[in-house]
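Quick notes on the structure that follows.
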Amino acid sequence: MESTTSATRPDKKLVSRRGFSRFLLGFSFISTVAGAIIPILGYLLPPPSANAGNGGRVLVGTTKDIPIGQGKVVPVAGKPVMVINSNDGVHAFSAICTHLGCICMYDPVRKMIICPCHDGQFNPVTGVVVSGPPPKPLASIAVSVDGDNIFIGEA
Ligand code: FES
């Protein structure tokens with residue numbers, strides 16, 4: 001009776017230790033090179049803007065994404081922008097706290113823009129300081145609503 005081990009089968013190719021080691025070496029080399037190049041390319045090449053082509057405006061969401069009573073921090077040109085949809089309309093401010101530069105967030109329960117670092121609080125309609133250490137209001141940013149779409153920037 002004939003043995004059916006893989007060592008005796010002529011149709012199966014065995015991978016030698018040397019071949020497997022070469023494969024591992026090649027794989028690690030490619031992984032190392034890719035791991036070094038990809039972050040560099042990510043730094044040098046700006047991310048494609050899906051919102052380009054609206055004049056100076058950038059589409060940041062819809063009124064369904066940010067319904068009345070809600071706020072959201074969105075990246076615009078690499079900077080965090082606070083967009084708030086209130087009963088008074090849609091407002092936008094720089095989300096960078098004027099105290100020490102932490103990123104603010106909207107608290108829908110308190111209906112206030114909050115800085116988590118030192119509990120600075122800003123008015124969500126005007127951006128003025130309500131309490132805490134921030135020395136200045138949040139910088140106001142032009143915002144417009146076209147249909148359901150919310151745009152940041154001038155048209
Ligand atoms: S950084 Fe915002 S309150 Fe201090």
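Labels used: A, B, ... for chains in the order of the structure tokens, numbers from 1 for residues in each chain, and numbers from 1 for ligands as shown.
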
For ligand 1, return the neighbouring residues as a count of residues only (distance at most 10 Å; only C-alpha atoms and all ligand atoms). 25

Range 66-75 of chain A surroundings by only C-alpha atoms, 12 Å radius, close-in-sequence under 4 positions cut, as number ranges by chain: A: 47, 49, 51, 58-62, 79-96, 103-114, 124-125, 145, 148-152

Output C-alpha atoms for every residue in the selection just made, as a compact mmCIF listing (two decimals), in the first residue's frame.
# COMPACT_ATOMS: atom_id res chain seq x y z
CA PRO A 47 -6.95 64.99 2.41
CA SER A 49 -12.10 67.76 0.28
CA ASN A 51 -16.96 69.61 0.00
CA VAL A 58 -17.96 73.96 2.98
CA LEU A 59 -20.80 71.51 3.48
CA VAL A 60 -20.58 70.29 7.07
CA GLY A 61 -23.81 68.37 7.42
CA THR A 62 -27.54 68.61 7.26
CA LYS A 79 -9.81 73.32 12.46
CA PRO A 80 -12.67 72.32 14.78
CA VAL A 81 -15.85 74.28 14.24
CA MET A 82 -18.86 74.13 16.57
CA VAL A 83 -22.15 74.06 14.67
CA ILE A 84 -25.28 74.53 16.75
CA ASN A 85 -28.83 74.26 15.52
CA SER A 86 -31.05 76.18 17.90
CA ASN A 87 -34.55 77.62 17.80
CA ASP A 88 -32.88 80.90 16.80
CA GLY A 89 -31.25 79.32 13.76
CA VAL A 90 -27.94 77.67 13.00
CA HIS A 91 -24.82 79.23 14.55
CA ALA A 92 -21.16 78.39 14.18
CA PHE A 93 -18.12 79.23 16.25
CA SER A 94 -14.55 78.18 16.52
CA ALA A 95 -14.58 75.21 18.90
CA ILE A 96 -11.18 76.22 20.27
CA ILE A 103 -11.85 71.77 22.17
CA CYS A 104 -15.31 72.77 23.34
CA MET A 105 -18.47 70.71 22.96
CA TYR A 106 -22.17 71.42 23.03
CA ASP A 107 -24.14 70.24 26.05
CA PRO A 108 -27.78 69.90 24.93
CA VAL A 109 -28.97 69.39 28.52
CA ARG A 110 -27.45 72.63 29.80
CA LYS A 111 -27.97 74.26 26.36
CA MET A 112 -24.47 75.63 26.61
CA ILE A 113 -21.14 75.33 24.86
CA ILE A 114 -18.86 73.74 27.43
CA PRO A 124 -24.61 78.88 22.06
CA VAL A 125 -26.22 81.77 20.15
CA VAL A 145 -28.45 76.79 5.54
CA ASP A 148 -31.31 70.93 4.60
CA ASN A 149 -27.60 71.51 3.99
CA ILE A 150 -25.48 73.45 6.47
CA PHE A 151 -22.53 75.34 5.02
CA ILE A 152 -19.62 77.00 6.77

Name the residues of chain A that come out as strand (DSSP E or B) in a backbone DSSP run; write them as a ChimeraX atom specification. /A:54,57-62,70-76,79-86,89-94,96,103,105-107,112-115,120-122,129-131,140,143-146,149-152

May I have the selected residues written with N, CA and C atoms, as a short mmCIF file (atom, residue, chain, number, x, y, z; two decimals), in the first residue's frame?
data_model
loop_
_atom_site.label_atom_id
_atom_site.label_comp_id
_atom_site.auth_asym_id
_atom_site.auth_seq_id
_atom_site.Cartn_x
_atom_site.Cartn_y
_atom_site.Cartn_z
N ASN A 54 -18.21 74.51 -3.74
CA ASN A 54 -19.36 75.28 -3.30
C ASN A 54 -18.96 76.73 -3.08
N ARG A 57 -17.82 78.06 0.43
CA ARG A 57 -18.56 77.36 1.47
C ARG A 57 -18.16 75.89 1.55
N VAL A 58 -18.28 75.36 2.75
CA VAL A 58 -17.96 73.96 2.98
C VAL A 58 -19.20 73.30 3.59
N LEU A 59 -19.66 72.26 2.95
CA LEU A 59 -20.80 71.51 3.48
C LEU A 59 -20.35 70.73 4.70
N VAL A 60 -20.99 70.97 5.84
CA VAL A 60 -20.58 70.29 7.07
C VAL A 60 -21.63 69.33 7.61
N GLY A 61 -22.78 69.30 6.97
CA GLY A 61 -23.81 68.37 7.42
C GLY A 61 -25.17 68.87 7.01
N THR A 62 -26.17 68.22 7.55
CA THR A 62 -27.54 68.61 7.26
C THR A 62 -28.27 68.88 8.56
N GLN A 70 -29.37 70.54 19.02
CA GLN A 70 -28.13 69.77 19.03
C GLN A 70 -26.97 70.60 18.48
N GLY A 71 -25.78 70.20 18.81
CA GLY A 71 -24.58 70.83 18.29
C GLY A 71 -23.56 69.77 17.97
N LYS A 72 -22.64 70.12 17.10
CA LYS A 72 -21.64 69.13 16.67
C LYS A 72 -20.36 69.87 16.31
N VAL A 73 -19.24 69.27 16.65
CA VAL A 73 -17.96 69.82 16.24
C VAL A 73 -17.56 69.13 14.95
N VAL A 74 -17.29 69.94 13.92
CA VAL A 74 -16.91 69.40 12.61
C VAL A 74 -15.57 69.99 12.20
N PRO A 75 -14.76 69.22 11.48
CA PRO A 75 -13.50 69.77 11.02
C PRO A 75 -13.71 70.59 9.74
N VAL A 76 -13.19 71.80 9.74
CA VAL A 76 -13.23 72.64 8.55
C VAL A 76 -11.83 73.20 8.34
N LYS A 79 -9.53 72.69 11.16
CA LYS A 79 -9.81 73.32 12.46
C LYS A 79 -11.19 72.89 12.95
N PRO A 80 -11.36 72.74 14.26
CA PRO A 80 -12.67 72.32 14.78
C PRO A 80 -13.65 73.50 14.82
N VAL A 81 -14.81 73.26 14.27
CA VAL A 81 -15.85 74.28 14.24
C VAL A 81 -17.09 73.72 14.93
N MET A 82 -17.64 74.51 15.85
CA MET A 82 -18.86 74.13 16.57
C MET A 82 -20.06 74.63 15.77
N VAL A 83 -20.92 73.70 15.37
CA VAL A 83 -22.15 74.06 14.67
C VAL A 83 -23.31 73.73 15.59
N ILE A 84 -24.16 74.72 15.84
CA ILE A 84 -25.28 74.53 16.75
C ILE A 84 -26.56 74.90 16.03
N ASN A 85 -27.52 74.00 16.10
CA ASN A 85 -28.83 74.26 15.52
C ASN A 85 -29.77 74.55 16.68
N SER A 86 -30.17 75.81 16.79
CA SER A 86 -31.05 76.18 17.90
C SER A 86 -32.37 76.71 17.34
N GLY A 89 -31.97 79.54 15.01
CA GLY A 89 -31.25 79.32 13.76
C GLY A 89 -29.97 78.54 13.99
N VAL A 90 -29.19 78.42 12.93
CA VAL A 90 -27.94 77.67 13.00
C VAL A 90 -26.80 78.67 13.23
N HIS A 91 -25.94 78.36 14.19
CA HIS A 91 -24.82 79.23 14.55
C HIS A 91 -23.54 78.41 14.49
N ALA A 92 -22.45 79.09 14.22
CA ALA A 92 -21.16 78.39 14.18
C ALA A 92 -20.09 79.25 14.83
N PHE A 93 -19.22 78.58 15.55
CA PHE A 93 -18.12 79.23 16.25
C PHE A 93 -16.87 78.35 16.14
N SER A 94 -15.75 78.99 16.34
CA SER A 94 -14.55 78.18 16.52
C SER A 94 -14.76 77.35 17.78
N ILE A 96 -12.41 76.12 19.46
CA ILE A 96 -11.18 76.22 20.27
C ILE A 96 -11.41 77.23 21.38
N ILE A 103 -10.74 71.85 23.12
CA ILE A 103 -11.85 71.77 22.17
C ILE A 103 -13.16 71.74 22.96
N MET A 105 -17.40 71.56 23.46
CA MET A 105 -18.47 70.71 22.96
C MET A 105 -19.80 71.33 23.37
N TYR A 106 -20.85 70.90 22.69
CA TYR A 106 -22.17 71.42 23.03
C TYR A 106 -22.85 70.47 23.99
N ASP A 107 -23.39 71.03 25.07
CA ASP A 107 -24.14 70.24 26.05
C ASP A 107 -25.62 70.54 25.85
N MET A 112 -25.63 74.78 26.44
CA MET A 112 -24.47 75.63 26.61
C MET A 112 -23.28 74.99 25.89
N ILE A 113 -22.41 75.83 25.38
CA ILE A 113 -21.14 75.33 24.86
C ILE A 113 -20.21 75.21 26.06
N ILE A 114 -19.65 74.03 26.24
CA ILE A 114 -18.86 73.74 27.43
C ILE A 114 -17.42 73.47 27.03
N CYS A 115 -16.50 74.02 27.80
CA CYS A 115 -15.11 73.61 27.64
C CYS A 115 -14.82 72.61 28.76
N GLY A 120 -15.28 76.12 31.33
CA GLY A 120 -15.70 77.38 30.71
C GLY A 120 -17.02 77.15 30.00
N GLN A 121 -17.89 78.16 30.02
CA GLN A 121 -19.19 78.02 29.37
C GLN A 121 -19.44 79.22 28.47
N PHE A 122 -19.99 78.91 27.30
CA PHE A 122 -20.24 79.95 26.30
C PHE A 122 -21.70 79.87 25.87
N VAL A 129 -18.81 84.52 26.71
CA VAL A 129 -18.49 83.74 27.91
C VAL A 129 -19.62 83.92 28.92
N VAL A 130 -20.12 82.80 29.40
CA VAL A 130 -21.16 82.82 30.43
C VAL A 130 -20.53 82.63 31.80
N SER A 131 -19.57 81.73 31.89
CA SER A 131 -18.86 81.54 33.16
C SER A 131 -17.54 80.82 32.90
N SER A 140 -16.87 83.86 16.12
CA SER A 140 -18.03 83.53 15.30
C SER A 140 -17.59 83.18 13.88
N VAL A 143 -22.09 80.97 8.74
CA VAL A 143 -22.78 79.70 8.49
C VAL A 143 -24.06 80.02 7.73
N SER A 144 -24.45 79.12 6.87
CA SER A 144 -25.71 79.30 6.15
C SER A 144 -26.37 77.94 5.95
N VAL A 145 -27.68 78.01 5.77
CA VAL A 145 -28.45 76.79 5.54
C VAL A 145 -29.13 76.93 4.19
N ASP A 146 -28.92 75.94 3.35
CA ASP A 146 -29.51 75.92 2.02
C ASP A 146 -30.31 74.63 1.90
N ASN A 149 -29.07 71.52 3.88
CA ASN A 149 -27.60 71.51 3.99
C ASN A 149 -27.08 72.70 4.79
N ILE A 150 -26.12 72.40 5.65
CA ILE A 150 -25.48 73.45 6.47
C ILE A 150 -24.09 73.69 5.89
N PHE A 151 -23.81 74.96 5.59
CA PHE A 151 -22.53 75.34 5.02
C PHE A 151 -21.79 76.27 5.96
N ILE A 152 -20.49 76.09 6.04
CA ILE A 152 -19.62 77.00 6.77
C ILE A 152 -18.88 77.83 5.73
#

When you draw a straight line from CA of Ile37 in chain A to CA of Leu24 in chain A, how long is it in Å? 19.8 Å

In Å, how far is it from CA of Val15 in chain A to CA of Gly35 in chain A? 27.7 Å

Running DSSP on the backbone, which parts of chain A land in helix (DSSP H, G or I), as a compact mmCIF listing (two decimals) with N, CA and C atoms, in the first residue's frame?
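result26.txt, written as the output of this step:
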# COMPACT_ATOMS: atom_id res chain seq x y z
N ARG A 17 12.04 25.72 4.59
CA ARG A 17 12.24 26.71 5.66
C ARG A 17 12.86 27.99 5.10
N ARG A 18 13.78 27.80 4.18
CA ARG A 18 14.44 28.96 3.58
C ARG A 18 13.43 29.82 2.82
N GLY A 19 12.57 29.17 2.06
CA GLY A 19 11.57 29.91 1.30
C GLY A 19 10.60 30.64 2.23
N PHE A 20 10.21 29.96 3.29
CA PHE A 20 9.29 30.58 4.24
C PHE A 20 9.97 31.76 4.94
N SER A 21 11.25 31.60 5.29
CA SER A 21 12.00 32.70 5.91
C SER A 21 12.11 33.88 4.97
N ARG A 22 12.34 33.60 3.69
CA ARG A 22 12.43 34.69 2.70
C ARG A 22 11.08 35.42 2.59
N PHE A 23 10.02 34.64 2.60
CA PHE A 23 8.70 35.24 2.54
C PHE A 23 8.49 36.16 3.74
N LEU A 24 8.83 35.68 4.95
CA LEU A 24 8.66 36.50 6.15
C LEU A 24 9.52 37.75 6.10
N LEU A 25 10.76 37.59 5.63
CA LEU A 25 11.66 38.74 5.51
C LEU A 25 11.10 39.77 4.54
N GLY A 26 10.64 39.30 3.39
CA GLY A 26 10.06 40.19 2.38
C GLY A 26 8.83 40.89 2.92
N PHE A 27 7.99 40.14 3.60
CA PHE A 27 6.77 40.72 4.15
C PHE A 27 7.11 41.78 5.20
N SER A 28 8.09 41.46 6.07
CA SER A 28 8.45 42.47 7.09
C SER A 28 9.08 43.70 6.46
N PHE A 29 9.88 43.51 5.42
CA PHE A 29 10.49 44.67 4.75
C PHE A 29 9.41 45.56 4.14
N ILE A 30 8.47 44.94 3.42
CA ILE A 30 7.41 45.73 2.78
C ILE A 30 6.54 46.41 3.85
N SER A 31 6.24 45.70 4.93
CA SER A 31 5.44 46.31 6.00
C SER A 31 6.16 47.49 6.62
N THR A 32 7.47 47.34 6.83
CA THR A 32 8.24 48.43 7.44
C THR A 32 8.27 49.65 6.53
N VAL A 33 8.53 49.41 5.24
CA VAL A 33 8.58 50.53 4.29
C VAL A 33 7.21 51.19 4.18
N ALA A 34 6.16 50.40 4.07
CA ALA A 34 4.82 50.97 3.98
C ALA A 34 4.46 51.72 5.26
N GLY A 35 4.85 51.18 6.40
CA GLY A 35 4.57 51.84 7.68
C GLY A 35 5.29 53.17 7.81
N ALA A 36 6.43 53.33 7.14
CA ALA A 36 7.16 54.59 7.19
C ALA A 36 6.66 55.58 6.15
N ILE A 37 6.29 55.09 4.98
CA ILE A 37 5.92 55.99 3.88
C ILE A 37 4.48 56.51 4.01
N ILE A 38 3.57 55.66 4.44
CA ILE A 38 2.16 56.07 4.47
C ILE A 38 1.92 57.27 5.38
N PRO A 39 2.47 57.33 6.60
CA PRO A 39 2.26 58.53 7.41
C PRO A 39 2.89 59.78 6.79
N ILE A 40 4.04 59.61 6.13
CA ILE A 40 4.69 60.76 5.49
C ILE A 40 3.80 61.29 4.36
N LEU A 41 3.27 60.38 3.54
CA LEU A 41 2.37 60.80 2.47
C LEU A 41 1.11 61.44 3.03
N GLY A 42 0.59 60.89 4.13
CA GLY A 42 -0.59 61.47 4.76
C GLY A 42 -0.34 62.87 5.25
N TYR A 43 0.91 63.14 5.67
CA TYR A 43 1.25 64.48 6.14
C TYR A 43 1.44 65.43 4.97
N LEU A 44 2.10 64.97 3.92
CA LEU A 44 2.41 65.84 2.79
C LEU A 44 1.21 66.12 1.88
